[in-house]
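Data first, discussion second: the structure below is written as structure tokens.
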Amino acid sequence: MSDLGFTRSEMMIVAAARELAGQHVCFVGVGLPNIAVNLAQRTVAPDLEMVYEAGVFGARPARLPLSIGDPTIVTGATAVVSMWELFAYYLQRGLIDVGFLGAAQIDRFGNINTTVIGAYDAPKTRLPGSGGACEIAINAREVFVIMRQSARSFVREIDFRTSPGNLGGAEQSEAIRKAGGWNGRGPTVVVTDLGIWHFDETGEMRLDFLHPGATLDEVRATIAWEPKISASLQATPPPTAEELRLVREELDPEGIYAK
Amino acid sequence: MPGKVASMHDAVAAIVRDGDTVAIEGFTHLIGFSAGHEIVRQRKRDLVLARMTPDVIYDQMIAGGVARKLIFSWLGNPGVGGLNAIRRRIEPASLAGERPLEIEEYSHFGMVARYTAGAANLPFMPLRSYFETDLPKANPLIRPIKSPFSDEVVYAVPPLNPDVSIIHAQRADANGNTQIWGLLGAQKEAAFAADRVIVVVEELVDESVVRADPNRTVIPGVIVDAVVVEPYGAHPSYVQGAYDRDNRFYLDWDPISRDEEKVQAWLREWVYGLPDRAAYVEKLGAERIASLRPGPAPSGSVDYGSYR
């Protein structure tokens, strides 16, 4: 815990939750997205329909789901369906407004790797792989990403493209997405432990908000390319007492995500 | 015993053969741990194991030496981290010259589409995924296909027809008519796609219980070869309404799985050293089991009506 009174992970989770204000249907990814979306439903987006790839639409979890297949997402949900229905009728049909994903590696255009570090056939580190992320990135209307910054994760070239972002830039991405009939326009937000990135007209991420306590030197030291910084860079408003209470007491009492 | 009811030992001995493609499905929910352990105990070999999320059960089975190949879409210990025993058989740094585990990788939608094609007796299933990703390069069985009705290009995956699918469920009757509630995963598709099906249930019920609520029947007995009655057979995963996921187990598995010696010691203690699931449950202890019991949240009932 810093002398700010909250951790960087708490700031990241709170900032990510706030990005969901005004959204309606959100596909919830494993890990950090799970806690951020659950916080959003308790704060800025009480009517948010949470969709879990395990086959749940309109989850109302009474506790933070331990995984994206936790029984608490079933009890009290609007609908429980087979995974075929979930992916074909809900996602591929175009009902998902936001897909909320994590990532192991990301490039400046928001392309994501969650498959391997190193060569595919002889990996240095074997990561989990796609799960539903590949089709979420293609079929959700927009994609939010939440991940911690490090020079190993914000890389010039990802080792494997698991989930497409803005491909080689906005122009190429828009053309391919239009020609291919994709539902999604790609990534729009990346929330990290240091700040909030949006994507500019070239399709590259740009730092628009810097979290309290973080510095631009840290931002540059944790990115493998020279990052774009907004000319009107703002400070992320710190977490409110209520946001911190929800994270610490209701959602993550053991500090698994927020430490 | 009536109908298709068999012991786990007898069902696995008769139905699972060396070299088979075996799918133990169940997405986080209803994972057939007791069936997986029996396959390890009987030292089956050269299996092709299919599962969307290999989970701790395939980490254990692959450490037990039963598999030559893995077909999957998300390789992790959900909510905890990696599947370290499997990673050791994939990453060259830890292989020590041994032949790596063969892998065939999809996304979740791709795996579900494969089971669905298999269940429906179709040569492929089209889907809107994989565009502009490296997955089709990593797996040449993911192929682009042009629509016969327009210029649209989508991707296609081949059917997955397991030799054996093993499905854990809340209840079935002695003929294998099986009812599930909670997350359905791809249980139905995996069962219909398979040549042989073993159903493992928490509770054996009378046929009249099934017939009183036919909408809840996911798998009909006509495709089921054996019904194994094994309460707590999905531990440490969960069964909706019966027991919660034993998260402590998933957390404890992480340090065990990082050390091959510890994995083998665990298998000796909890699999090879025990005759069956009943012994496993007894060893786990009544207190641990009781701690997993959820509170009640019964559904309302519906009236199907009587039409004579």
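Within each chain, counting starts at residue 1; across the structure tokens, chains are named A, B, ... in the order shown, with ligands numbered 1 upward in that order.
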At a cut-off of 6 Å, list the chain A residues touching chain B, using only C-alpha atoms, as a PDB file with C-alpha atoms, in the first residue's frame.
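And here is the file that came out, out01.pdb:
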```
ATOM      1  CA  SER A  67     -13.552 -18.280 -11.811  1.00  0.00           C
ATOM      2  CA  GLY A  69     -17.584 -20.723 -14.226  1.00  0.00           C
ATOM      3  CA  SER A  82     -25.179 -24.033 -23.623  1.00  0.00           C
ATOM      4  CA  MET A  83     -21.827 -22.668 -24.726  1.00  0.00           C
ATOM      5  CA  TRP A  84     -22.859 -23.152 -28.351  1.00  0.00           C
ATOM      6  CA  ALA A 122       9.080 -24.518 -28.886  1.00  0.00           C
ATOM      7  CA  PRO A 123       7.717 -21.973 -26.418  1.00  0.00           C
ATOM      8  CA  PRO A 128      -3.313 -20.474 -21.480  1.00  0.00           C
ATOM      9  CA  GLY A 129      -4.249 -19.658 -25.089  1.00  0.00           C
ATOM     10  CA  SER A 130      -7.397 -18.096 -26.504  1.00  0.00           C
ATOM     11  CA  GLY A 131     -10.304 -19.435 -24.521  1.00  0.00           C
ATOM     12  CA  GLY A 132     -13.064 -17.257 -25.912  1.00  0.00           C
ATOM     13  CA  GLU A 135     -13.930 -14.575 -31.014  1.00  0.00           C
ATOM     14  CA  ARG A 161      -1.554 -12.905 -32.292  1.00  0.00           C
ATOM     15  CA  THR A 162      -4.312 -14.626 -30.311  1.00  0.00           C
TER      16      THR A 162
END
```
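The residues of range 194-243 of chain B that DSSP assigns to strand (DSSP E or B) on this backbone come out as Arg196, Val197, Ile198, Val199, Val200, Val201, Glu202, Glu203, Leu204, Thr217, Val218, Ile219, Ala226, Val227, Val228, Val229, Tyr238, Val239 and Tyr243 of chain B.
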Suppose we keep C-alpha atoms; can you now write the selection as a tab-separated table (two decimals), in the first residue's frame?
```tsv
chain	number	residue	atom	x	y	z
B	196	ARG	CA	-19.46	-44.40	-26.44
B	197	VAL	CA	-20.73	-42.45	-23.43
B	198	ILE	CA	-20.20	-42.90	-19.71
B	199	VAL	CA	-22.44	-40.83	-17.45
B	200	VAL	CA	-21.34	-40.30	-13.85
B	201	VAL	CA	-24.01	-38.99	-11.50
B	202	GLU	CA	-24.39	-37.73	-7.99
B	203	GLU	CA	-27.75	-39.48	-7.67
B	204	LEU	CA	-29.51	-42.38	-9.36
B	217	THR	CA	-32.99	-33.95	-19.68
B	218	VAL	CA	-29.74	-33.11	-21.48
B	219	ILE	CA	-28.63	-36.59	-22.51
B	226	ALA	CA	-22.86	-46.93	-18.68
B	227	VAL	CA	-24.22	-45.08	-15.66
B	228	VAL	CA	-21.83	-44.75	-12.72
B	229	VAL	CA	-23.23	-43.51	-9.42
B	238	TYR	CA	-18.45	-28.43	-8.20
B	239	VAL	CA	-21.99	-29.61	-8.79
B	243	TYR	CA	-21.37	-28.78	-3.49
```
* Interatomic distance, CA of Gly186 in chain A to CA of Glu157 in chain A (Å, one decimal) ->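 A separation of 18.0 Å between them.
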* Long-range neighbours of range 166-182 of chain A as a PyMOL selection string, 12 Å cut-off, only C-alpha atoms, 6 positions minimum in chain -> (chain A and resi 91-94+106-112+135-143+156-158+188-189+199-205) or (chain B and resi 127-133+144+146+151-155)
* Asked: Which of these, A:Leu86, A:Val98, A:Ala258, A:Ala77, has the shortest distance to Arg245 in chain A once you count only C-alpha atoms?
  -> A:Ala258
* Tell me, as a PyMOL selection string, which residues lie within 9 Å of range 41-47 of chain A, counting only C-alpha atoms; anything in the same chain fewer than 2 positions away does not count. => chain A and resi 17-25+36-39+49-50+60+242-243+246
Using DSSP assignments from the backbone, pull out every residue in range 147-258 of chain B that falls under alpha helix (DSSP H) and give it to me as a compact mmCIF listing (two decimals) with N, CA and C atoms, in the first residue's frame.
```txt
# COMPACT_ATOMS: atom_id res chain seq x y z
N GLN B 187 -21.65 -30.30 -22.66
CA GLN B 187 -21.89 -31.68 -22.23
C GLN B 187 -22.76 -32.44 -23.23
N LYS B 188 -23.82 -31.79 -23.67
CA LYS B 188 -24.74 -32.45 -24.60
C LYS B 188 -24.05 -32.74 -25.92
N GLU B 189 -23.34 -31.73 -26.46
CA GLU B 189 -22.69 -31.88 -27.75
C GLU B 189 -21.60 -32.96 -27.68
N ALA B 190 -20.81 -32.96 -26.60
CA ALA B 190 -19.74 -33.96 -26.46
C ALA B 190 -20.33 -35.37 -26.39
N ALA B 191 -21.48 -35.50 -25.73
CA ALA B 191 -22.09 -36.82 -25.60
C ALA B 191 -22.63 -37.31 -26.95
N PHE B 192 -23.37 -36.44 -27.64
CA PHE B 192 -23.94 -36.85 -28.93
C PHE B 192 -22.85 -37.10 -29.97
N ALA B 193 -21.69 -36.43 -29.82
CA ALA B 193 -20.61 -36.59 -30.80
C ALA B 193 -19.84 -37.90 -30.61
N GLU B 207 -36.99 -43.54 -13.06
CA GLU B 207 -37.40 -43.00 -14.36
C GLU B 207 -38.52 -41.96 -14.22
N SER B 208 -39.38 -42.12 -13.24
CA SER B 208 -40.50 -41.19 -13.08
C SER B 208 -40.02 -39.79 -12.73
N VAL B 209 -38.88 -39.69 -12.05
CA VAL B 209 -38.32 -38.37 -11.70
C VAL B 209 -37.91 -37.65 -12.99
N VAL B 210 -37.29 -38.38 -13.90
CA VAL B 210 -36.90 -37.79 -15.19
C VAL B 210 -38.15 -37.38 -15.97
N ARG B 211 -39.11 -38.26 -16.03
CA ARG B 211 -40.31 -38.00 -16.83
C ARG B 211 -41.15 -36.85 -16.28
N ASN B 247 -12.04 -24.47 -3.63
CA ASN B 247 -11.01 -23.59 -4.16
C ASN B 247 -9.65 -23.83 -3.51
N ARG B 248 -9.68 -24.28 -2.25
CA ARG B 248 -8.42 -24.56 -1.56
C ARG B 248 -7.62 -25.61 -2.32
N PHE B 249 -8.34 -26.60 -2.88
CA PHE B 249 -7.66 -27.63 -3.65
C PHE B 249 -6.96 -27.03 -4.86
N TYR B 250 -7.69 -26.18 -5.59
CA TYR B 250 -7.11 -25.57 -6.80
C TYR B 250 -5.87 -24.74 -6.45
N LEU B 251 -5.94 -24.00 -5.32
CA LEU B 251 -4.79 -23.21 -4.88
C LEU B 251 -3.64 -24.12 -4.46
N ASP B 252 -3.97 -25.19 -3.71
CA ASP B 252 -2.93 -26.12 -3.24
C ASP B 252 -2.25 -26.83 -4.40
N TRP B 253 -3.00 -27.06 -5.50
CA TRP B 253 -2.43 -27.79 -6.63
C TRP B 253 -1.28 -27.02 -7.28
N ASP B 254 -1.33 -25.70 -7.18
CA ASP B 254 -0.32 -24.90 -7.88
C ASP B 254 1.10 -25.25 -7.41
N PRO B 255 1.41 -25.17 -6.11
CA PRO B 255 2.77 -25.55 -5.71
C PRO B 255 3.07 -27.04 -5.93
N ILE B 256 2.09 -27.91 -5.77
CA ILE B 256 2.32 -29.34 -6.03
C ILE B 256 2.71 -29.52 -7.49
N SER B 257 1.96 -28.87 -8.38
CA SER B 257 2.14 -29.14 -9.81
C SER B 257 3.46 -28.57 -10.34
```
* For CA of Lys259 in chain A and CA of Thr7 in chain A, the interatomic separation in Å (one decimal) ->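 Taking CA of Lys259 in chain A as the start and CA of Thr7 in chain A as the end point, the length is 6.7 Å.
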Range 82-187 of chain B near range 1-17 of chain B within 7 Å: what's each residue's closest atom pair and its distance in Å to one decimal, counting only C-alpha atoms, ordered by chain then ascending residue number, as a tab-separated table?
```
residue	atom	partner	partner_atom	distance
B:Val164	CA	B:Val16	CA	6.7
B:Ala174	CA	B:Gly3	CA	5.0
B:Asn175	CA	B:Gly3	CA	5.3
B:Gly176	CA	B:Lys4	CA	6.9
```
Would you put the residues from that selection into a file with N, CA and C atoms, as a PDB file, in the first residue's frame?
```
ATOM      1  N   VAL B 164     -14.805 -41.909 -26.715  1.00  0.00           N
ATOM      2  CA  VAL B 164     -15.535 -41.954 -25.450  1.00  0.00           C
ATOM      3  C   VAL B 164     -15.724 -40.539 -24.915  1.00  0.00           C
ATOM      4  N   ALA B 174     -31.582 -45.385 -14.408  1.00  0.00           N
ATOM      5  CA  ALA B 174     -30.715 -46.538 -14.655  1.00  0.00           C
ATOM      6  C   ALA B 174     -30.463 -46.776 -16.136  1.00  0.00           C
ATOM      7  N   ASN B 175     -31.289 -46.189 -16.987  1.00  0.00           N
ATOM      8  CA  ASN B 175     -31.052 -46.328 -18.428  1.00  0.00           C
ATOM      9  C   ASN B 175     -30.188 -45.207 -18.996  1.00  0.00           C
ATOM     10  N   GLY B 176     -29.789 -44.280 -18.142  1.00  0.00           N
ATOM     11  CA  GLY B 176     -28.879 -43.229 -18.596  1.00  0.00           C
ATOM     12  C   GLY B 176     -29.547 -41.948 -19.045  1.00  0.00           C
TER      13      GLY B 176
END
```
Mind dumping a table of every range 197-293 of chain B residue within 12 Å of range 301-307 of chain B, with the nearest atom pair and its distance in Å to one decimal, using only C-alpha atoms, sorted by chain and rising number, as CSV?
```
residue,atom,partner,partner_atom,distance
B:Arg211,CA,B:Tyr304,CA,10.6
B:Ala212,CA,B:Tyr304,CA,8.2
B:Asp213,CA,B:Tyr304,CA,8.1
B:Pro214,CA,B:Tyr304,CA,9.4
B:Asn215,CA,B:Tyr304,CA,9.9
B:Arg216,CA,B:Val302,CA,11.8
```
Go ahead and save the picked residues with C-alpha atoms, as an mmCIF file, in the first residue's frame.
```cif
data_model
loop_
_atom_site.group_PDB
_atom_site.id
_atom_site.type_symbol
_atom_site.label_atom_id
_atom_site.label_comp_id
_atom_site.auth_asym_id
_atom_site.auth_seq_id
_atom_site.Cartn_x
_atom_site.Cartn_y
_atom_site.Cartn_z
ATOM 1 C CA ARG B 211 -40.305 -37.998 -16.831
ATOM 2 C CA ALA B 212 -41.760 -35.452 -14.391
ATOM 3 C CA ASP B 213 -39.366 -32.795 -15.740
ATOM 4 C CA PRO B 214 -38.365 -33.716 -19.306
ATOM 5 C CA ASN B 215 -37.086 -30.219 -20.214
ATOM 6 C CA ARG B 216 -34.174 -30.818 -17.861
#
```
* To do: Select, from A:Leu216, A:Ala221, A:Leu194, A:Ala40, the residue with the minimum atom-to-atom distance to Ser9 in chain A, counting only C-alpha atoms.
  =>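 Of A:Leu216, A:Ala221, A:Leu194, A:Ala40, the one nearest Ser9 in chain A is A:Leu194, counting only C-alpha atoms.
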* Using only C-alpha atoms, which residue out of A:Arg126, A:Leu48, A:Pro187, A:Ala62 lies closest to Gly102 in chain A? -> A:Pro187
* To one decimal place, how far is CA of Asp163 in chain B from CA of Ala279 in chain B in Å? ->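 Straight-line distance from CA of Asp163 in chain B to CA of Ala279 in chain B works out to 28.7 Å.
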